[in-house]
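Undergrad: Dropping the structure in here first, questions after.
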Amino acid sequence: MSLRPHAPVLAFGEADGCLTVGGQNVQTLVEHHGTPLFLYERDFLDKRVSELRAALPKRISLHYAVKANPFVDVVSHMSGICDGLDVASKGELALALQTQTKVEDISFAGPGKRDDELKAAVEAGCLIVLESLNEARRLSIIAKSLGSRPRVALRLNPDFELKTAGMRMSGGPKPFGVDAEQAPEILSELAELNLDFQGLHIFTGSQNLKIDALIEAYENIFALVDRLLPHLPAALHWLNIGGGLGVPYFPGDEHLDLKQLGDRLSELLKGLSHAYDECEIVMELGRYLVAEAGVYICEIVDKKTSREEVFLVTDGGLHHQLAASGNFGQILRKNYPVAIANRLCQAELELVNIVGCLCTPLDRLADKVQLPKAEVGDLVAVFLAGAYGASASPQGFLGHGAAKEMLL
Ligand SMILES: *Cc1c(COP(=O)(O)O)cnc(C)c1O
């Protein structure tokens with residue numbers, strides 16, 4: 001395919017010079033559904049999950065972190081191909097409860113769960129991941145009043161960091177989980193509460209493309225859990241080792257070598273003691289499962305030249321795809337891979353800037369990219385829009401309205 005984006009795009013196809021998603025022509029889809037559009041490819045989701053399962057040790061359960069893409073059709077599809085769903089709010093819990101995933105395989109983490117959220121989780125019967133001792137005490141009281149004893153896990157903020165992660169979620173002072181140093185004391189207090197202790201949860205970070213760093217983090221996780229084993233109030237039945245697998249967004253980024261990751265993780269699991277025999281080991285992934293399955297399509301509404309630079313002004317922007325504008329976790333703005341969706345094979349190129357329709361200089365979709373020469377009415381495709389796109393963007397900003405989402 002002659003998509004020619006600077007990072008490898010594995011999903012989608014091309015027919016008559018036009019991008020296809022799930023075998024459907026994007027130009028035709030736009031004629032029926034308008035722009036802007038988020039299109040997600042079902043076959044790619046299936047392929048990603050089956051490749052991952054083939055590479056990872058059999059005993060690892062694969063959970064989908066709903067936060068990455070809570071579009072109802074995507075969640076429902078992921079529910080059918082993953083072993084569980086991880087949610088982080090009452091709203092996400094309600095979404096997960098509508099799917100075919102059994103409630104035992106739904107886990108609810110997140111700092112700052114309100115009482116009504118804890119109540120909803122107890123009533124549903126999902127696993128609740130505790131983020132503090134205070135939360136454990138509140139949950140215990142709520143559960144007692146409802147006459148039940150919820151299954152819980154304790155989230156740890158480890159005493160190590162995931163090296164080279166795009167977004168660090170552990171190590172140092174953090175609002176997530178309890179510090180590893182405080183864990184023995186908190187675990188002994190959990191034993192006194194009206195809670196059914198199942199295990200531990202450690203999420204070290206996101207968007208990691210280095211296998212050495214990922215494996216080192218998993219090694220550190222098992223070493224930490226080993227140290228805490230004597231302090232657990234009950235046998236270890238559940239251990240969530242996070243995920244953190246990254247996807248290539250930018251020039252120079254490469255796909256993870258899944259086989260190597262799987263082989264090294266297998267070796268690591270072989271060394272585990274009998275304390276883990278009855279333990280389900282969970283990996284929770286969001287971005288890695290869905291990011292590459294999505295593309296954001298918007299239409300060029302104006303083309304202009306300013307001081308020798310060409311600007312393609314689209315009807316999309318950061319209100320739908322904040323991450324591509326560089327304002328979601330990036331320090332230096334870099335371009336996401338982009339294409340002119342209806343001119344994939346055109347030879348004549350032009351150096352352009354692509355911007356959104358919002359009245360703010362932050363609303364940039366691509367800076368100085370060489371693309372097939374485009375005109376008003378043509379379609380811009382921004383790849384890697386399957387994770388942290390629509391739901392992680394300020395869709396109310398400037399009142400343009402939300403983008404339509406479709407799973408094809
Ligand atoms: C955000 C988050 C995830 C998903 O992270 P990805 O990088 O999208 O895979 C998993 N677990 C927890 C606890 C999270 O906060």
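Residue numbers start at 1 in each chain; chains themselves are named A, B, ... in the order of the structure tokens; ligands are numbered from 1 in the order shown.
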List as a list in words the protein and nucleic acid residues near Lys47 of chain A, meaning an atom at most 12 Å away when only C-alpha atoms are counted, but skip any in the same chain fewer than 4 places from it.
TA: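 Contacts, in chain order: Leu10, Ala11, Glu41, Arg42, Asp43, Glu51, Leu52, Arg53, Ala54, Met78, Ile81, Leu289, Val290, Glu292 and Ala293 of chain A.
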Undergrad: Could you save the residues just selected, with all heavy atoms, as a compact mmCIF listing (two decimals), in the first residue's frame?
TA:
# COMPACT_ATOMS: atom_id res chain seq x y z
N LEU A 10 -0.23 -0.54 9.96
CA LEU A 10 -0.48 -1.95 9.65
C LEU A 10 -1.94 -2.20 9.28
O LEU A 10 -2.24 -3.13 8.55
CB LEU A 10 -0.13 -2.84 10.85
CG LEU A 10 1.31 -2.79 11.33
CD1 LEU A 10 1.49 -3.69 12.53
CD2 LEU A 10 2.26 -3.20 10.22
N ALA A 11 -2.83 -1.39 9.80
CA ALA A 11 -4.25 -1.61 9.55
C ALA A 11 -4.63 -0.97 8.21
O ALA A 11 -3.82 -0.31 7.57
CB ALA A 11 -5.08 -1.02 10.68
N GLU A 41 -11.16 -0.45 12.87
CA GLU A 41 -11.21 -1.68 12.06
C GLU A 41 -11.27 -2.93 12.94
O GLU A 41 -10.32 -3.23 13.67
CB GLU A 41 -9.98 -1.73 11.14
CG GLU A 41 -10.08 -2.83 10.10
CD GLU A 41 -9.02 -2.66 9.01
OE1 GLU A 41 -7.88 -3.10 9.24
OE2 GLU A 41 -9.32 -2.08 7.96
N ARG A 42 -12.38 -3.65 12.81
CA ARG A 42 -12.62 -4.85 13.64
C ARG A 42 -11.57 -5.94 13.39
O ARG A 42 -11.04 -6.53 14.33
CB ARG A 42 -14.02 -5.38 13.32
CG ARG A 42 -14.52 -6.43 14.27
CD ARG A 42 -15.89 -6.95 13.85
NE ARG A 42 -16.98 -6.12 14.33
CZ ARG A 42 -17.76 -5.35 13.57
NH1 ARG A 42 -17.58 -5.30 12.27
NH2 ARG A 42 -18.73 -4.64 14.08
N ASP A 43 -11.26 -6.18 12.11
CA ASP A 43 -10.31 -7.24 11.79
C ASP A 43 -8.95 -6.98 12.43
O ASP A 43 -8.25 -7.90 12.84
CB ASP A 43 -10.09 -7.35 10.27
CG ASP A 43 -11.27 -8.03 9.60
OD1 ASP A 43 -12.16 -8.52 10.33
OD2 ASP A 43 -11.29 -8.06 8.35
N GLU A 51 -2.46 -12.28 17.75
CA GLU A 51 -0.98 -12.28 17.71
C GLU A 51 -0.40 -12.21 19.12
O GLU A 51 0.58 -12.89 19.44
CB GLU A 51 -0.46 -11.07 16.93
CG GLU A 51 -0.53 -11.23 15.43
CD GLU A 51 -0.24 -9.92 14.69
OE1 GLU A 51 -0.02 -8.87 15.34
OE2 GLU A 51 -0.26 -9.96 13.45
N LEU A 52 -1.02 -11.40 19.92
CA LEU A 52 -0.54 -11.23 21.29
C LEU A 52 -0.70 -12.53 22.07
O LEU A 52 0.20 -12.97 22.78
CB LEU A 52 -1.34 -10.10 21.93
CG LEU A 52 -0.83 -9.47 23.19
CD1 LEU A 52 0.58 -8.95 23.02
CD2 LEU A 52 -1.74 -8.33 23.61
N ARG A 53 -1.86 -13.15 21.92
CA ARG A 53 -2.11 -14.41 22.63
C ARG A 53 -1.14 -15.50 22.18
O ARG A 53 -0.68 -16.30 22.98
CB ARG A 53 -3.53 -14.88 22.39
CG ARG A 53 -4.57 -14.11 23.18
CD ARG A 53 -5.86 -14.90 23.14
NE ARG A 53 -6.98 -14.16 23.66
CZ ARG A 53 -7.28 -14.07 24.95
NH1 ARG A 53 -6.50 -14.65 25.86
NH2 ARG A 53 -8.34 -13.39 25.34
N ALA A 54 -0.83 -15.51 20.88
CA ALA A 54 0.09 -16.52 20.36
C ALA A 54 1.48 -16.33 20.96
O ALA A 54 2.21 -17.29 21.18
CB ALA A 54 0.14 -16.44 18.83
N MET A 78 -14.20 -5.93 22.12
CA MET A 78 -13.04 -6.34 22.92
C MET A 78 -13.46 -7.32 24.02
O MET A 78 -12.72 -8.23 24.38
CB MET A 78 -12.36 -5.11 23.56
CG MET A 78 -11.76 -4.13 22.57
SD MET A 78 -10.75 -4.89 21.31
CE MET A 78 -9.25 -5.19 22.23
N ILE A 81 -13.24 -10.82 22.80
CA ILE A 81 -11.95 -11.42 22.45
C ILE A 81 -10.91 -11.32 23.58
O ILE A 81 -9.84 -11.92 23.48
CB ILE A 81 -11.37 -10.82 21.13
CG1 ILE A 81 -11.25 -9.30 21.19
CG2 ILE A 81 -12.24 -11.23 19.95
CD1 ILE A 81 -10.63 -8.67 19.94
N LEU A 289 -3.78 -2.48 22.21
CA LEU A 289 -4.82 -3.28 21.55
C LEU A 289 -5.60 -2.47 20.51
O LEU A 289 -6.05 -3.01 19.52
CB LEU A 289 -5.79 -3.85 22.59
CG LEU A 289 -5.17 -4.77 23.65
CD1 LEU A 289 -6.24 -5.31 24.58
CD2 LEU A 289 -4.42 -5.93 22.98
N VAL A 290 -5.77 -1.17 20.77
CA VAL A 290 -6.72 -0.42 19.92
C VAL A 290 -6.14 0.76 19.14
O VAL A 290 -6.75 1.19 18.15
CB VAL A 290 -7.92 0.08 20.76
CG1 VAL A 290 -8.75 -1.09 21.27
CG2 VAL A 290 -7.48 0.95 21.93
N GLU A 292 -3.78 1.38 16.95
CA GLU A 292 -3.52 1.30 15.51
C GLU A 292 -4.74 0.92 14.70
O GLU A 292 -4.72 0.99 13.47
CB GLU A 292 -2.37 0.31 15.26
CG GLU A 292 -1.05 0.85 15.77
CD GLU A 292 0.02 -0.24 15.82
OE1 GLU A 292 0.10 -0.93 16.85
OE2 GLU A 292 0.74 -0.38 14.83
N ALA A 293 -5.81 0.49 15.38
CA ALA A 293 -7.03 0.09 14.67
C ALA A 293 -7.88 1.28 14.27
O ALA A 293 -8.90 1.11 13.59
CB ALA A 293 -7.85 -0.85 15.54
Undergrad: Taking only residues of chain A that have an atom at most 6 Å from an atom of ligand 1, what is each one's shortest atom pair and its distance in Å to one decimal, using only C-alpha atoms and all ligand atoms, in chain and number order, as a tab-separated table?
TA:
residue	atom	partner	partner_atom_place_in_ligand_line	distance
A:Ala65	CA	ligand 1	4 (C)	5.1
A:Ala68	CA	ligand 1	8 (O)	5.2
A:Phe203	CA	ligand 1	13 (C)	5.5
A:Ser206	CA	ligand 1	7 (O)	3.7
A:Gln207	CA	ligand 1	7 (O)	5.2
A:Gly242	CA	ligand 1	11 (N)	5.8
A:Gly243	CA	ligand 1	9 (O)	5.8
A:Gly244	CA	ligand 1	7 (O)	4.9
A:Glu284	CA	ligand 1	10 (C)	5.3
A:Leu285	CA	ligand 1	9 (O)	3.8
A:Gly286	CA	ligand 1	8 (O)	3.5
A:Arg287	CA	ligand 1	8 (O)	3.6
A:Tyr288	CA	ligand 1	9 (O)	5.7
Undergrad: For Gly84 of chain A, which residue out of A:Ala390, A:Leu358, A:Ala96, A:Val30 is the nearest one, using only C-alpha atoms?
TA: A:Ala96
Undergrad: Which residues are near Phe328 of chain A? Cut-off 9 Å, only C-alpha atoms, ignore same chain within fewer than 3 positions. Put them as a list in words.
TA: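 Those residues are Leu322, Ala323, Ala324, Ser325, Ile331, Tyr388, Ala392 and Ser393 of chain A.
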Undergrad: Tell me which protein, DNA and RNA residues are within 7 Å of segment 152-159 of chain A, counting only C-alpha atoms, leaving out same-chain ones fewer than 6 positions away, and put them as a list in words.
TA: Leu127, Ile128, Val129, Leu130, Glu131, Ser170, Gly171, Phe176, Gly177, Val178, Asp179, Ala180, Leu195, Asp196, Phe197, Gln198, Gly199, Leu200, His201 and Ile202 of chain A
Undergrad: Please provide the set of residues having any atom within 10 Å of Ala94 of chain A, restricted to only C-alpha atoms, with same-chain residues fewer than 4 positions apart removed, written as a PyMOL selection string.
TA: chain A and resi 87+89-90+98-99+120-121+124
Undergrad: Counting only C-alpha atoms, which residue out of A:Pro372, A:Pro184, A:Gly205, A:Gly271 sits closest to Gly246 of chain A?
TA: A:Gly205
Undergrad: Report the residues of segment 12-123 of chain A whose backbone DSSP state falls under helix (DSSP H, G or I), written as a ChimeraX atom specification.
TA: /A:26-33,42-55,66-68,72-81,90-97,103-105,115-123
Undergrad: Kindly save the residues from that selection, with C-alpha atoms included, as a PDB file, in the first residue's frame.
TA:
ATOM      1  CA  VAL A  26     -13.482   6.073   3.154  1.00  0.00           C
ATOM      2  CA  GLN A  27     -14.756   8.563   0.557  1.00  0.00           C
ATOM      3  CA  THR A  28     -18.028   6.618   0.310  1.00  0.00           C
ATOM      4  CA  LEU A  29     -18.284   6.397   4.084  1.00  0.00           C
ATOM      5  CA  VAL A  30     -17.866  10.167   4.300  1.00  0.00           C
ATOM      6  CA  GLU A  31     -20.596  10.709   1.683  1.00  0.00           C
ATOM      7  CA  HIS A  32     -22.989   8.775   3.904  1.00  0.00           C
ATOM      8  CA  HIS A  33     -21.868   9.803   7.362  1.00  0.00           C
ATOM      9  CA  ARG A  42     -12.622  -4.845  13.640  1.00  0.00           C
ATOM     10  CA  ASP A  43     -10.306  -7.244  11.789  1.00  0.00           C
ATOM     11  CA  PHE A  44      -7.277  -5.402  13.077  1.00  0.00           C
ATOM     12  CA  LEU A  45      -8.488  -5.701  16.678  1.00  0.00           C
ATOM     13  CA  ASP A  46      -8.910  -9.457  16.172  1.00  0.00           C
ATOM     14  CA  LYS A  47      -5.492  -9.775  14.581  1.00  0.00           C
ATOM     15  CA  ARG A  48      -3.770  -7.803  17.326  1.00  0.00           C
ATOM     16  CA  VAL A  49      -5.318  -9.873  20.102  1.00  0.00           C
ATOM     17  CA  SER A  50      -4.624 -13.200  18.420  1.00  0.00           C
ATOM     18  CA  GLU A  51      -0.984 -12.279  17.708  1.00  0.00           C
ATOM     19  CA  LEU A  52      -0.543 -11.229  21.291  1.00  0.00           C
ATOM     20  CA  ARG A  53      -2.112 -14.411  22.632  1.00  0.00           C
ATOM     21  CA  ALA A  54       0.090 -16.521  20.357  1.00  0.00           C
ATOM     22  CA  ALA A  55       3.214 -14.800  21.712  1.00  0.00           C
ATOM     23  CA  VAL A  66     -11.704   0.522  28.662  1.00  0.00           C
ATOM     24  CA  LYS A  67     -10.192   3.974  29.245  1.00  0.00           C
ATOM     25  CA  ALA A  68      -8.215   3.681  25.991  1.00  0.00           C
ATOM     26  CA  VAL A  72     -19.571   1.096  22.981  1.00  0.00           C
ATOM     27  CA  ASP A  73     -19.075  -1.068  19.868  1.00  0.00           C
ATOM     28  CA  VAL A  74     -15.327  -1.293  20.531  1.00  0.00           C
ATOM     29  CA  VAL A  75     -15.828  -2.254  24.192  1.00  0.00           C
ATOM     30  CA  SER A  76     -18.382  -4.850  23.224  1.00  0.00           C
ATOM     31  CA  HIS A  77     -16.054  -6.313  20.593  1.00  0.00           C
ATOM     32  CA  MET A  78     -13.040  -6.336  22.924  1.00  0.00           C
ATOM     33  CA  SER A  79     -15.181  -8.030  25.558  1.00  0.00           C
ATOM     34  CA  GLY A  80     -15.658 -10.923  23.151  1.00  0.00           C
ATOM     35  CA  ILE A  81     -11.946 -11.416  22.454  1.00  0.00           C
ATOM     36  CA  LYS A  90     -18.968   4.088  37.450  1.00  0.00           C
ATOM     37  CA  GLY A  91     -19.710   5.054  33.848  1.00  0.00           C
ATOM     38  CA  GLU A  92     -17.133   2.614  32.473  1.00  0.00           C
ATOM     39  CA  LEU A  93     -18.435  -0.038  34.856  1.00  0.00           C
ATOM     40  CA  ALA A  94     -21.961   0.398  33.484  1.00  0.00           C
ATOM     41  CA  LEU A  95     -20.549   0.025  29.971  1.00  0.00           C
ATOM     42  CA  ALA A  96     -18.651  -3.141  30.903  1.00  0.00           C
ATOM     43  CA  LEU A  97     -21.715  -4.633  32.583  1.00  0.00           C
ATOM     44  CA  VAL A 103     -18.704  -9.592  36.258  1.00  0.00           C
ATOM     45  CA  GLU A 104     -15.950 -11.605  38.024  1.00  0.00           C
ATOM     46  CA  ASP A 105     -13.648 -10.632  35.165  1.00  0.00           C
ATOM     47  CA  ASP A 115     -19.060   6.330  47.675  1.00  0.00           C
ATOM     48  CA  ASP A 116     -21.727   5.883  44.985  1.00  0.00           C
ATOM     49  CA  GLU A 117     -19.110   4.290  42.723  1.00  0.00           C
ATOM     50  CA  LEU A 118     -17.979   1.887  45.449  1.00  0.00           C
ATOM     51  CA  LYS A 119     -21.632   1.031  46.106  1.00  0.00           C
ATOM     52  CA  ALA A 120     -22.255   0.356  42.402  1.00  0.00           C
ATOM     53  CA  ALA A 121     -19.150  -1.859  42.280  1.00  0.00           C
ATOM     54  CA  VAL A 122     -20.252  -3.861  45.349  1.00  0.00           C
ATOM     55  CA  GLU A 123     -23.746  -4.283  43.945  1.00  0.00           C
TER      56      GLU A 123
END
Undergrad: By how many Å are atom CA of Leu398 of chain A and atom CA of Leu312 of chain A apart?
TA: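 These two atoms are separated by 19.6 Å.
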Undergrad: Within 10 Å of segment 344-356 of chain A, counting only C-alpha atoms, which residues qualify if same-chain residues fewer than 4 places away don't, as a VMD selection string?
TA: chain A and resid 1 to 4 14 to 19 298 to 301 303 to 305 309 to 321 325 338 to 340 360 to 374 380
Undergrad: Between A:Tyr64, A:Trp238, A:Phe250, A:Phe397, which is the closest to Asp277 of chain A once you count only C-alpha atoms?
TA: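 Of the candidates, the smallest distance to Asp277 of chain A is held by A:Trp238.
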Undergrad: For atom CA of Asn134 of chain A and atom CA of Met283 of chain A, determine how far apart the two atoms are, in Å to one decimal place.
TA: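 Atom CA of Met283 of chain A lies 26.4 Å from atom CA of Asn134 of chain A.
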Undergrad: So what do you get for atom CA of Leu256 of chain A versus atom CA of Gln24 of chain A, distance-wise?
TA: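 Pair atom CA of Leu256 of chain A / atom CA of Gln24 of chain A returns 28.4 Å.
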Undergrad: How would you write, as a list of chain:residue names, the set of residues in segment 151-213 of chain A that DSSP gives as strand (DSSP E or B)?
TA: A:Arg151, A:Val152, A:Ala153, A:Leu154, A:Arg155, A:Leu156, A:Asn157, A:Met167, A:Arg168, A:Val178, A:Asp179, A:Asp196, A:Phe197, A:Gln198, A:Gly199, A:Leu200, A:His201, A:Gly205, A:Ser206, A:Asn208
